[in-house]
>>> print(open('structure_30.cif').read())   # mmCIF, N, CA and C atoms and all ligand atoms
data_coords
loop_
_atom_site.label_atom_id
_atom_site.label_comp_id
_atom_site.auth_asym_id
_atom_site.auth_seq_id
_atom_site.Cartn_x
_atom_site.Cartn_y
_atom_site.Cartn_z
N MET W 1 17.36 60.74 17.02
CA MET W 1 18.19 61.95 17.04
C MET W 1 19.60 61.60 16.57
N ALA W 2 19.83 61.54 15.28
CA ALA W 2 21.15 61.23 14.74
C ALA W 2 21.94 62.52 14.53
N ASP W 3 23.27 62.40 14.50
CA ASP W 3 24.13 63.57 14.33
C ASP W 3 23.75 64.40 13.10
N GLY W 4 23.41 63.71 12.02
CA GLY W 4 23.14 64.41 10.76
C GLY W 4 21.86 65.21 10.74
N THR W 5 20.98 64.94 11.70
CA THR W 5 19.67 65.61 11.69
C THR W 5 19.35 66.32 12.99
N THR W 6 20.29 66.34 13.93
CA THR W 6 20.05 66.95 15.23
C THR W 6 20.93 68.18 15.40
N THR W 7 20.33 69.27 15.84
CA THR W 7 21.14 70.48 16.06
C THR W 7 21.66 70.50 17.49
N LEU W 8 22.70 71.27 17.66
CA LEU W 8 23.25 71.46 19.01
C LEU W 8 22.21 72.12 19.91
N ALA W 9 21.44 73.03 19.35
CA ALA W 9 20.38 73.69 20.13
C ALA W 9 19.36 72.68 20.63
N GLU W 10 19.02 71.71 19.81
CA GLU W 10 18.07 70.67 20.23
C GLU W 10 18.66 69.83 21.37
N LEU W 11 19.93 69.50 21.27
CA LEU W 11 20.57 68.71 22.33
C LEU W 11 20.65 69.50 23.63
N LYS W 12 21.01 70.79 23.52
CA LYS W 12 21.08 71.63 24.72
C LYS W 12 19.70 71.74 25.37
N GLU W 13 18.66 71.90 24.57
CA GLU W 13 17.31 71.99 25.11
C GLU W 13 16.88 70.67 25.74
N ALA W 14 17.24 69.56 25.12
CA ALA W 14 16.90 68.25 25.69
C ALA W 14 17.57 68.07 27.05
N MET W 15 18.82 68.51 27.17
CA MET W 15 19.52 68.41 28.46
C MET W 15 18.89 69.34 29.48
N ARG W 16 18.55 70.57 29.05
CA ARG W 16 17.93 71.52 29.98
C ARG W 16 16.62 70.96 30.52
N ARG W 17 15.81 70.38 29.64
CA ARG W 17 14.53 69.81 30.03
C ARG W 17 14.71 68.61 30.96
N PHE W 18 15.68 67.76 30.66
CA PHE W 18 15.96 66.58 31.49
C PHE W 18 16.32 67.01 32.91
N VAL W 19 17.16 68.03 33.01
CA VAL W 19 17.57 68.55 34.32
C VAL W 19 16.38 69.18 35.05
N ALA W 20 15.59 69.97 34.32
CA ALA W 20 14.45 70.68 34.94
C ALA W 20 13.40 69.71 35.46
N GLU W 21 13.14 68.65 34.68
CA GLU W 21 12.12 67.67 35.09
C GLU W 21 12.50 66.95 36.37
N ARG W 22 13.77 66.93 36.70
CA ARG W 22 14.25 66.25 37.91
C ARG W 22 14.62 67.24 39.02
N GLN W 23 14.44 68.51 38.70
CA GLN W 23 14.75 69.59 39.65
C GLN W 23 16.18 69.49 40.17
N TRP W 24 17.11 69.27 39.24
CA TRP W 24 18.52 69.13 39.60
C TRP W 24 19.27 70.47 39.56
N GLU W 25 18.61 71.54 39.17
CA GLU W 25 19.30 72.82 39.01
C GLU W 25 20.11 73.24 40.25
N PRO W 26 19.56 73.04 41.48
CA PRO W 26 20.34 73.48 42.65
C PRO W 26 21.71 72.80 42.78
N PHE W 27 21.83 71.62 42.19
CA PHE W 27 23.10 70.87 42.29
C PHE W 27 24.04 71.19 41.13
N HIS W 28 23.54 71.90 40.14
CA HIS W 28 24.32 72.12 38.92
C HIS W 28 25.02 73.47 38.89
N SER W 29 25.83 73.72 39.90
CA SER W 29 26.69 74.90 39.86
C SER W 29 27.75 74.67 38.78
N PRO W 30 28.32 75.73 38.23
CA PRO W 30 29.40 75.53 37.26
C PRO W 30 30.53 74.67 37.81
N LYS W 31 30.86 74.86 39.08
CA LYS W 31 31.92 74.04 39.69
C LYS W 31 31.55 72.56 39.66
N ASN W 32 30.34 72.22 40.07
CA ASN W 32 29.92 70.82 40.08
C ASN W 32 29.86 70.24 38.67
N LEU W 33 29.39 71.03 37.73
CA LEU W 33 29.29 70.52 36.36
C LEU W 33 30.66 70.34 35.73
N ALA W 34 31.59 71.23 36.02
CA ALA W 34 32.96 71.07 35.50
C ALA W 34 33.58 69.80 36.09
N MET W 35 33.33 69.56 37.38
CA MET W 35 33.85 68.34 38.00
C MET W 35 33.17 67.10 37.42
N ALA W 36 31.86 67.18 37.18
CA ALA W 36 31.14 66.05 36.59
C ALA W 36 31.66 65.75 35.19
N LEU W 37 31.97 66.81 34.44
CA LEU W 37 32.51 66.64 33.10
C LEU W 37 33.85 65.90 33.16
N ALA W 38 34.70 66.31 34.08
CA ALA W 38 36.00 65.64 34.23
C ALA W 38 35.82 64.20 34.70
N ALA W 39 34.86 63.97 35.59
CA ALA W 39 34.62 62.62 36.09
C ALA W 39 34.13 61.71 34.96
N GLU W 40 33.25 62.23 34.13
CA GLU W 40 32.76 61.43 33.00
C GLU W 40 33.88 61.16 32.00
N ALA W 41 34.76 62.15 31.80
CA ALA W 41 35.92 61.92 30.93
C ALA W 41 36.80 60.81 31.50
N GLY W 42 36.92 60.78 32.82
CA GLY W 42 37.68 59.71 33.47
C GLY W 42 37.03 58.34 33.24
N GLU W 43 35.70 58.30 33.31
CA GLU W 43 35.00 57.04 33.05
C GLU W 43 35.23 56.58 31.61
N LEU W 44 35.30 57.53 30.69
CA LEU W 44 35.61 57.19 29.29
C LEU W 44 37.04 56.64 29.18
N LEU W 45 37.96 57.31 29.88
CA LEU W 45 39.36 56.90 29.81
C LEU W 45 39.56 55.48 30.36
N GLU W 46 38.75 55.10 31.34
CA GLU W 46 38.91 53.76 31.92
C GLU W 46 38.84 52.67 30.85
N HIS W 47 38.03 52.89 29.83
CA HIS W 47 37.89 51.86 28.78
C HIS W 47 39.18 51.70 27.98
N PHE W 48 39.99 52.75 27.92
CA PHE W 48 41.19 52.72 27.10
C PHE W 48 42.47 52.52 27.90
N LEU W 49 42.32 52.54 29.24
CA LEU W 49 43.49 52.43 30.10
C LEU W 49 44.20 51.10 29.87
N TRP W 50 45.49 51.15 29.66
CA TRP W 50 46.39 50.01 29.48
C TRP W 50 46.17 49.28 28.16
N VAL W 51 45.35 49.80 27.30
CA VAL W 51 45.18 49.21 25.96
C VAL W 51 46.23 49.85 25.05
N GLU W 52 46.95 49.04 24.32
CA GLU W 52 47.96 49.57 23.40
C GLU W 52 47.29 50.40 22.30
N GLY W 53 48.03 51.37 21.77
CA GLY W 53 47.47 52.28 20.77
C GLY W 53 46.78 51.57 19.61
N PRO W 54 47.44 50.65 18.92
CA PRO W 54 46.78 49.99 17.79
C PRO W 54 45.52 49.24 18.20
N ALA W 55 45.54 48.60 19.37
CA ALA W 55 44.37 47.84 19.83
C ALA W 55 43.21 48.76 20.19
N SER W 56 43.53 50.00 20.54
CA SER W 56 42.45 50.93 20.94
C SER W 56 41.50 51.22 19.77
N TYR W 57 42.01 51.07 18.53
CA TYR W 57 41.12 51.27 17.37
C TYR W 57 40.03 50.21 17.31
N ARG W 58 40.31 49.03 17.86
CA ARG W 58 39.36 47.91 17.78
C ARG W 58 38.52 47.76 19.04
N LEU W 59 38.73 48.66 20.00
CA LEU W 59 38.07 48.52 21.29
C LEU W 59 36.55 48.59 21.18
N ALA W 60 36.05 49.36 20.24
CA ALA W 60 34.61 49.53 20.12
C ALA W 60 34.01 48.60 19.07
N ASP W 61 34.77 47.59 18.65
CA ASP W 61 34.24 46.65 17.65
C ASP W 61 33.15 45.75 18.23
N ALA W 62 33.35 45.29 19.46
CA ALA W 62 32.36 44.41 20.10
C ALA W 62 31.18 45.25 20.57
N ALA W 63 29.98 44.75 20.31
CA ALA W 63 28.76 45.53 20.57
C ALA W 63 28.65 46.01 22.02
N GLU W 64 28.93 45.14 22.95
CA GLU W 64 28.76 45.51 24.36
C GLU W 64 29.73 46.60 24.76
N GLN W 65 30.99 46.45 24.33
CA GLN W 65 32.01 47.46 24.64
C GLN W 65 31.70 48.77 23.92
N ARG W 66 31.24 48.66 22.69
CA ARG W 66 30.87 49.85 21.92
C ARG W 66 29.77 50.64 22.63
N GLU W 67 28.77 49.93 23.14
CA GLU W 67 27.68 50.60 23.85
C GLU W 67 28.19 51.28 25.12
N ALA W 68 29.11 50.60 25.83
CA ALA W 68 29.65 51.18 27.06
C ALA W 68 30.44 52.45 26.77
N ILE W 69 31.23 52.44 25.70
CA ILE W 69 32.00 53.63 25.31
C ILE W 69 31.06 54.74 24.83
N ALA W 70 30.05 54.37 24.06
CA ALA W 70 29.07 55.36 23.59
C ALA W 70 28.34 56.00 24.78
N ASP W 71 28.04 55.18 25.79
CA ASP W 71 27.38 55.71 26.99
C ASP W 71 28.25 56.78 27.65
N GLU W 72 29.56 56.52 27.75
CA GLU W 72 30.45 57.50 28.39
C GLU W 72 30.63 58.74 27.53
N LEU W 73 30.71 58.56 26.22
CA LEU W 73 30.77 59.73 25.33
C LEU W 73 29.52 60.59 25.50
N ALA W 74 28.37 59.94 25.62
CA ALA W 74 27.12 60.68 25.82
C ALA W 74 27.13 61.40 27.16
N ASP W 75 27.68 60.74 28.19
CA ASP W 75 27.77 61.40 29.50
C ASP W 75 28.67 62.63 29.43
N VAL W 76 29.82 62.51 28.76
CA VAL W 76 30.74 63.64 28.60
C VAL W 76 30.04 64.78 27.87
N ALA W 77 29.40 64.46 26.76
CA ALA W 77 28.72 65.49 25.97
C ALA W 77 27.58 66.11 26.76
N GLY W 78 26.85 65.29 27.51
CA GLY W 78 25.74 65.81 28.30
C GLY W 78 26.20 66.79 29.35
N GLN W 79 27.27 66.45 30.05
CA GLN W 79 27.79 67.37 31.08
C GLN W 79 28.35 68.64 30.43
N LEU W 80 28.98 68.49 29.27
CA LEU W 80 29.47 69.67 28.54
C LEU W 80 28.32 70.60 28.19
N LEU W 81 27.24 70.04 27.69
CA LEU W 81 26.08 70.86 27.32
C LEU W 81 25.41 71.46 28.56
N ASN W 82 25.35 70.68 29.65
CA ASN W 82 24.81 71.23 30.90
C ASN W 82 25.61 72.45 31.34
N LEU W 83 26.92 72.34 31.26
CA LEU W 83 27.79 73.44 31.69
C LEU W 83 27.60 74.66 30.77
N CYS W 84 27.50 74.42 29.48
CA CYS W 84 27.22 75.53 28.55
C CYS W 84 25.89 76.18 28.87
N ASN W 85 24.87 75.37 29.18
CA ASN W 85 23.56 75.92 29.52
C ASN W 85 23.64 76.81 30.76
N VAL W 86 24.30 76.34 31.78
CA VAL W 86 24.36 77.10 33.05
C VAL W 86 25.18 78.38 32.88
N LEU W 87 26.26 78.31 32.11
CA LEU W 87 27.12 79.49 31.92
C LEU W 87 26.63 80.39 30.79
N GLY W 88 25.65 79.95 30.04
CA GLY W 88 25.16 80.74 28.91
C GLY W 88 26.19 80.88 27.80
N ILE W 89 26.97 79.84 27.63
CA ILE W 89 28.00 79.85 26.58
C ILE W 89 27.46 79.16 25.34
N ASP W 90 27.58 79.84 24.21
CA ASP W 90 27.19 79.27 22.92
C ASP W 90 28.36 78.42 22.43
N LEU W 91 28.16 77.11 22.45
CA LEU W 91 29.26 76.19 22.14
C LEU W 91 29.72 76.33 20.69
N SER W 92 28.80 76.55 19.78
CA SER W 92 29.19 76.71 18.37
C SER W 92 30.07 77.93 18.19
N ASP W 93 29.69 79.04 18.80
CA ASP W 93 30.52 80.25 18.73
C ASP W 93 31.88 80.02 19.38
N ALA W 94 31.86 79.36 20.54
CA ALA W 94 33.12 79.11 21.27
C ALA W 94 34.05 78.23 20.45
N MET W 95 33.49 77.20 19.82
CA MET W 95 34.33 76.30 19.02
C MET W 95 34.88 77.00 17.80
N THR W 96 34.07 77.85 17.18
CA THR W 96 34.54 78.59 16.00
C THR W 96 35.67 79.54 16.39
N ALA W 97 35.48 80.25 17.50
CA ALA W 97 36.52 81.20 17.94
C ALA W 97 37.80 80.47 18.32
N LYS W 98 37.65 79.34 19.01
CA LYS W 98 38.85 78.59 19.45
C LYS W 98 39.58 77.97 18.26
N ARG W 99 38.81 77.49 17.27
CA ARG W 99 39.44 76.91 16.08
C ARG W 99 40.25 77.97 15.34
N ALA W 100 39.74 79.21 15.31
CA ALA W 100 40.48 80.30 14.66
C ALA W 100 41.78 80.57 15.42
N LYS W 101 41.71 80.57 16.75
CA LYS W 101 42.93 80.75 17.55
C LYS W 101 43.92 79.62 17.28
N ASN W 102 43.41 78.39 17.25
CA ASN W 102 44.29 77.25 17.00
C ASN W 102 44.89 77.27 15.61
N ALA W 103 44.13 77.78 14.64
CA ALA W 103 44.63 77.87 13.27
C ALA W 103 45.81 78.84 13.19
N ARG W 104 45.73 79.93 13.98
CA ARG W 104 46.86 80.88 14.01
C ARG W 104 48.05 80.27 14.74
N LYS W 105 47.75 79.52 15.80
CA LYS W 105 48.82 78.92 16.61
C LYS W 105 49.49 77.76 15.89
N TYR W 106 48.70 77.01 15.14
CA TYR W 106 49.21 75.83 14.42
C TYR W 106 48.89 75.99 12.94
N PRO W 107 49.75 76.68 12.20
CA PRO W 107 49.49 76.89 10.77
C PRO W 107 49.40 75.55 10.04
N PRO W 108 48.55 75.46 9.01
CA PRO W 108 48.41 74.20 8.28
C PRO W 108 49.69 73.85 7.54
N ARG W 109 49.95 72.55 7.45
CA ARG W 109 51.11 72.07 6.70
C ARG W 109 50.82 72.07 5.22
N ILE W 110 49.54 72.00 4.88
CA ILE W 110 49.13 72.05 3.48
C ILE W 110 48.13 73.19 3.34
N GLU W 111 47.94 73.66 2.11
CA GLU W 111 46.99 74.74 1.87
C GLU W 111 45.57 74.25 2.16
N PRO W 112 44.79 75.07 2.92
CA PRO W 112 43.40 74.68 3.18
C PRO W 112 42.63 74.51 1.88
N GLN W 113 41.74 73.52 1.82
CA GLN W 113 40.94 73.27 0.62
C GLN W 113 39.61 73.99 0.76
N GLY W 114 39.06 74.42 -0.36
CA GLY W 114 37.74 75.05 -0.39
C GLY W 114 37.83 76.44 0.04
MG MG X 201 29.35 57.83 32.98
#
>>> encode(input="structure_30.cif", output="structure tokens")
Amino acid sequence: MADGTTTLAELKEAMRRFVAERQWEPFHSPKNLAMALAAEAGELLEHFLWVEGPASYRLADAAEQREAIADELADVAGQLLNLCNVLGIDLSDAMTAKRAKNARKYPPRIEPQG
């Protein structure tokens, strides 16, 4: 399941199925999932804590560290998709709408291409 060949719908369905197979739905209130999302973001941040900005670019160069960071990114994304599933929010629509708001709030410094 690589980014170039996997749809967001497939990932959301994979997360829904993973949760259902373990009967975790009773624990997945929006409040709990929002907290889990923040907790996973904190676990991701731990890898970068106290690392200087330039060095942070090289943090994922070593295979073991790269896998640990990828694991946390996957946890963040998984909780995000779980929360979207429970709230019935279409993430693609939400991102498109928010990007339009941000484009109005932060006009481009250069003319958009294409
Ligand atoms: Mg984690």
>>> atom_distance(input="structure_30.cif", atom1="atom C of Phe18 in chain W", atom2="atom N of Leu33 in chain W")
14.5 Å
>>> atom_distance(input="structure_30.cif", atom1="atom N of Cys84 in chain W", atom2="CA of Pro30 in chain W")
8.1 Å
>>> atom_distance(input="structure_30.cif", atom1="CA of Ala39 in chain W", atom2="CA of Val76 in chain W")
8.5 Å
>>> closest_residue(input="structure_30.cif", among="W:Leu87, W:Ala94, W:Leu44, W:Met1", to="ligand MG 201 (chain X)", atoms="only N, CA and C atoms and all ligand atoms")
W:Leu44
>>> residues_around(input="structure_30.cif", residues="range 66-74 of chain W", least_positions_apart="2", cutoff="8 Å", atoms="only C-alpha atoms", output="list in words")
Glu40, Ala41, Glu43, Leu44, His47, Leu59, Ala60, Asp61, Ala62, Ala63, Glu64, Val76, Ala77 and Gly78 of chain W
>>> closest_residue(input="structure_30.cif", among="W:Arg17, W:Gly42, W:Arg22, W:Trp50", to="ligand MG 201 (chain X)", atoms="all atoms listed in the file")
W:Gly42
>>> residues_around(input="structure_30.cif", residues="Leu80 in chain W", least_positions_apart="6", cutoff="8 Å", atoms="all atoms listed in the file", output="list in words")
Leu33, Ala34, Ala36, Leu37, Ala38, Ala74 and Val86 of chain W
>>> closest_residue(input="structure_30.cif", among="W:Asp3, W:Glu46, W:Asp75, W:Glu25", to="ligand MG 201 (chain X)", atoms="only N, CA and C atoms and all ligand atoms")
W:Asp75
>>> select_by_dssp(input="structure_30.cif", residues="chain W", states="alpha helix (DSSP H)", output="compact mmCIF listing (two decimals) with N, CA and C atoms, keeping the file's coordinate frame")
# COMPACT_ATOMS: atom_id res chain seq x y z
N LEU W 8 22.70 71.27 17.66
CA LEU W 8 23.25 71.46 19.01
C LEU W 8 22.21 72.12 19.91
N ALA W 9 21.44 73.03 19.35
CA ALA W 9 20.38 73.69 20.13
C ALA W 9 19.36 72.68 20.63
N GLU W 10 19.02 71.71 19.81
CA GLU W 10 18.07 70.67 20.23
C GLU W 10 18.66 69.83 21.37
N LEU W 11 19.93 69.50 21.27
CA LEU W 11 20.57 68.71 22.33
C LEU W 11 20.65 69.50 23.63
N LYS W 12 21.01 70.79 23.52
CA LYS W 12 21.08 71.63 24.72
C LYS W 12 19.70 71.74 25.37
N GLU W 13 18.66 71.90 24.57
CA GLU W 13 17.31 71.99 25.11
C GLU W 13 16.88 70.67 25.74
N ALA W 14 17.24 69.56 25.12
CA ALA W 14 16.90 68.25 25.69
C ALA W 14 17.57 68.07 27.05
N MET W 15 18.82 68.51 27.17
CA MET W 15 19.52 68.41 28.46
C MET W 15 18.89 69.34 29.48
N ARG W 16 18.55 70.57 29.05
CA ARG W 16 17.93 71.52 29.98
C ARG W 16 16.62 70.96 30.52
N ARG W 17 15.81 70.38 29.64
CA ARG W 17 14.53 69.81 30.03
C ARG W 17 14.71 68.61 30.96
N PHE W 18 15.68 67.76 30.66
CA PHE W 18 15.96 66.58 31.49
C PHE W 18 16.32 67.01 32.91
N VAL W 19 17.16 68.03 33.01
CA VAL W 19 17.57 68.55 34.32
C VAL W 19 16.38 69.18 35.05
N ALA W 20 15.59 69.97 34.32
CA ALA W 20 14.45 70.68 34.94
C ALA W 20 13.40 69.71 35.46
N GLU W 21 13.14 68.65 34.68
CA GLU W 21 12.12 67.67 35.09
C GLU W 21 12.50 66.95 36.37
N PRO W 30 28.32 75.73 38.23
CA PRO W 30 29.40 75.53 37.26
C PRO W 30 30.53 74.67 37.81
N LYS W 31 30.86 74.86 39.08
CA LYS W 31 31.92 74.04 39.69
C LYS W 31 31.55 72.56 39.66
N ASN W 32 30.34 72.22 40.07
CA ASN W 32 29.92 70.82 40.08
C ASN W 32 29.86 70.24 38.67
N LEU W 33 29.39 71.03 37.73
CA LEU W 33 29.29 70.52 36.36
C LEU W 33 30.66 70.34 35.73
N ALA W 34 31.59 71.23 36.02
CA ALA W 34 32.96 71.07 35.50
C ALA W 34 33.58 69.80 36.09
N MET W 35 33.33 69.56 37.38
CA MET W 35 33.85 68.34 38.00
C MET W 35 33.17 67.10 37.42
N ALA W 36 31.86 67.18 37.18
CA ALA W 36 31.14 66.05 36.59
C ALA W 36 31.66 65.75 35.19
N LEU W 37 31.97 66.81 34.44
CA LEU W 37 32.51 66.64 33.10
C LEU W 37 33.85 65.90 33.16
N ALA W 38 34.70 66.31 34.08
CA ALA W 38 36.00 65.64 34.23
C ALA W 38 35.82 64.20 34.70
N ALA W 39 34.86 63.97 35.59
CA ALA W 39 34.62 62.62 36.09
C ALA W 39 34.13 61.71 34.96
N GLU W 40 33.25 62.23 34.13
CA GLU W 40 32.76 61.43 33.00
C GLU W 40 33.88 61.16 32.00
N ALA W 41 34.76 62.15 31.80
CA ALA W 41 35.92 61.92 30.93
C ALA W 41 36.80 60.81 31.50
N GLY W 42 36.92 60.78 32.82
CA GLY W 42 37.68 59.71 33.47
C GLY W 42 37.03 58.34 33.24
N GLU W 43 35.70 58.30 33.31
CA GLU W 43 35.00 57.04 33.05
C GLU W 43 35.23 56.58 31.61
N LEU W 44 35.30 57.53 30.69
CA LEU W 44 35.61 57.19 29.29
C LEU W 44 37.04 56.64 29.18
N LEU W 45 37.96 57.31 29.88
CA LEU W 45 39.36 56.90 29.81
C LEU W 45 39.56 55.48 30.36
N GLU W 46 38.75 55.10 31.34
CA GLU W 46 38.91 53.76 31.92
C GLU W 46 38.84 52.67 30.85
N HIS W 47 38.03 52.89 29.83
CA HIS W 47 37.89 51.86 28.78
C HIS W 47 39.18 51.70 27.98
N PHE W 48 39.99 52.75 27.92
CA PHE W 48 41.19 52.72 27.10
C PHE W 48 42.47 52.52 27.90
N GLY W 53 48.03 51.37 21.77
CA GLY W 53 47.47 52.28 20.77
C GLY W 53 46.78 51.57 19.61
N PRO W 54 47.44 50.65 18.92
CA PRO W 54 46.78 49.99 17.79
C PRO W 54 45.52 49.24 18.20
N ALA W 55 45.54 48.60 19.37
CA ALA W 55 44.37 47.84 19.83
C ALA W 55 43.21 48.76 20.19
N SER W 56 43.53 50.00 20.54
CA SER W 56 42.45 50.93 20.94
C SER W 56 41.50 51.22 19.77
N ALA W 63 29.98 44.75 20.31
CA ALA W 63 28.76 45.53 20.57
C ALA W 63 28.65 46.01 22.02
N GLU W 64 28.93 45.14 22.95
CA GLU W 64 28.76 45.51 24.36
C GLU W 64 29.73 46.60 24.76
N GLN W 65 30.99 46.45 24.33
CA GLN W 65 32.01 47.46 24.64
C GLN W 65 31.70 48.77 23.92
N ARG W 66 31.24 48.66 22.69
CA ARG W 66 30.87 49.85 21.92
C ARG W 66 29.77 50.64 22.63
N GLU W 67 28.77 49.93 23.14
CA GLU W 67 27.68 50.60 23.85
C GLU W 67 28.19 51.28 25.12
N ALA W 68 29.11 50.60 25.83
CA ALA W 68 29.65 51.18 27.06
C ALA W 68 30.44 52.45 26.77
N ILE W 69 31.23 52.44 25.70
CA ILE W 69 32.00 53.63 25.31
C ILE W 69 31.06 54.74 24.83
N ALA W 70 30.05 54.37 24.06
CA ALA W 70 29.07 55.36 23.59
C ALA W 70 28.34 56.00 24.78
N ASP W 71 28.04 55.18 25.79
CA ASP W 71 27.38 55.71 26.99
C ASP W 71 28.25 56.78 27.65
N GLU W 72 29.56 56.52 27.75
CA GLU W 72 30.45 57.50 28.39
C GLU W 72 30.63 58.74 27.53
N LEU W 73 30.71 58.56 26.22
CA LEU W 73 30.77 59.73 25.33
C LEU W 73 29.52 60.59 25.50
N ALA W 74 28.37 59.94 25.62
CA ALA W 74 27.12 60.68 25.82
C ALA W 74 27.13 61.40 27.16
N ASP W 75 27.68 60.74 28.19
CA ASP W 75 27.77 61.40 29.50
C ASP W 75 28.67 62.63 29.43
N VAL W 76 29.82 62.51 28.76
CA VAL W 76 30.74 63.64 28.60
C VAL W 76 30.04 64.78 27.87
N ALA W 77 29.40 64.46 26.76
CA ALA W 77 28.72 65.49 25.97
C ALA W 77 27.58 66.11 26.76
N GLY W 78 26.85 65.29 27.51
CA GLY W 78 25.74 65.81 28.30
C GLY W 78 26.20 66.79 29.35
N GLN W 79 27.27 66.45 30.05
CA GLN W 79 27.79 67.37 31.08
C GLN W 79 28.35 68.64 30.43
N LEU W 80 28.98 68.49 29.27
CA LEU W 80 29.47 69.67 28.54
C LEU W 80 28.32 70.60 28.19
N LEU W 81 27.24 70.04 27.69
CA LEU W 81 26.08 70.86 27.32
C LEU W 81 25.41 71.46 28.56
N ASN W 82 25.35 70.68 29.65
CA ASN W 82 24.81 71.23 30.90
C ASN W 82 25.61 72.45 31.34
N LEU W 83 26.92 72.34 31.26
CA LEU W 83 27.79 73.44 31.69
C LEU W 83 27.60 74.66 30.77
N CYS W 84 27.50 74.42 29.48
CA CYS W 84 27.22 75.53 28.55
C CYS W 84 25.89 76.18 28.87
N ASN W 85 24.87 75.37 29.18
CA ASN W 85 23.56 75.92 29.52
C ASN W 85 23.64 76.81 30.76
N VAL W 86 24.30 76.34 31.78
CA VAL W 86 24.36 77.10 33.05
C VAL W 86 25.18 78.38 32.88
N LEU W 87 26.26 78.31 32.11
CA LEU W 87 27.12 79.49 31.92
C LEU W 87 26.63 80.39 30.79
N LEU W 91 28.16 77.11 22.45
CA LEU W 91 29.26 76.19 22.14
C LEU W 91 29.72 76.33 20.69
N SER W 92 28.80 76.55 19.78
CA SER W 92 29.19 76.71 18.37
C SER W 92 30.07 77.93 18.19
N ASP W 93 29.69 79.04 18.80
CA ASP W 93 30.52 80.25 18.73
C ASP W 93 31.88 80.02 19.38
N ALA W 94 31.86 79.36 20.54
CA ALA W 94 33.12 79.11 21.27
C ALA W 94 34.05 78.23 20.45
N MET W 95 33.49 77.20 19.82
CA MET W 95 34.33 76.30 19.02
C MET W 95 34.88 77.00 17.80
N THR W 96 34.07 77.85 17.18
CA THR W 96 34.54 78.59 16.00
C THR W 96 35.67 79.54 16.39
N ALA W 97 35.48 80.25 17.50
CA ALA W 97 36.52 81.20 17.94
C ALA W 97 37.80 80.47 18.32
N LYS W 98 37.65 79.34 19.01
CA LYS W 98 38.85 78.59 19.45
C LYS W 98 39.58 77.97 18.26
N ARG W 99 38.81 77.49 17.27
CA ARG W 99 39.44 76.91 16.08
C ARG W 99 40.25 77.97 15.34
N ALA W 100 39.74 79.21 15.31
CA ALA W 100 40.48 80.30 14.66
C ALA W 100 41.78 80.57 15.42
N LYS W 101 41.71 80.57 16.75
CA LYS W 101 42.93 80.75 17.55
C LYS W 101 43.92 79.62 17.28
N ASN W 102 43.41 78.39 17.25
CA ASN W 102 44.29 77.25 17.00
C ASN W 102 44.89 77.27 15.61
N ALA W 103 44.13 77.78 14.64
CA ALA W 103 44.63 77.87 13.27
C ALA W 103 45.81 78.84 13.19
N ARG W 104 45.73 79.93 13.98
CA ARG W 104 46.86 80.88 14.01
C ARG W 104 48.05 80.27 14.74
N LYS W 105 47.75 79.52 15.80
CA LYS W 105 48.82 78.92 16.61
C LYS W 105 49.49 77.76 15.89
>>> axis_aligned_box(input="structure_30.cif", around="range 22-26 of chain W", padding_each_side="5 Å", output="lines of an AutoDock Vina configuration file")
center_x = 17.7
center_y = 69.9
center_z = 39.7
size_x = 17.9
size_y = 17.2
size_z = 16.1
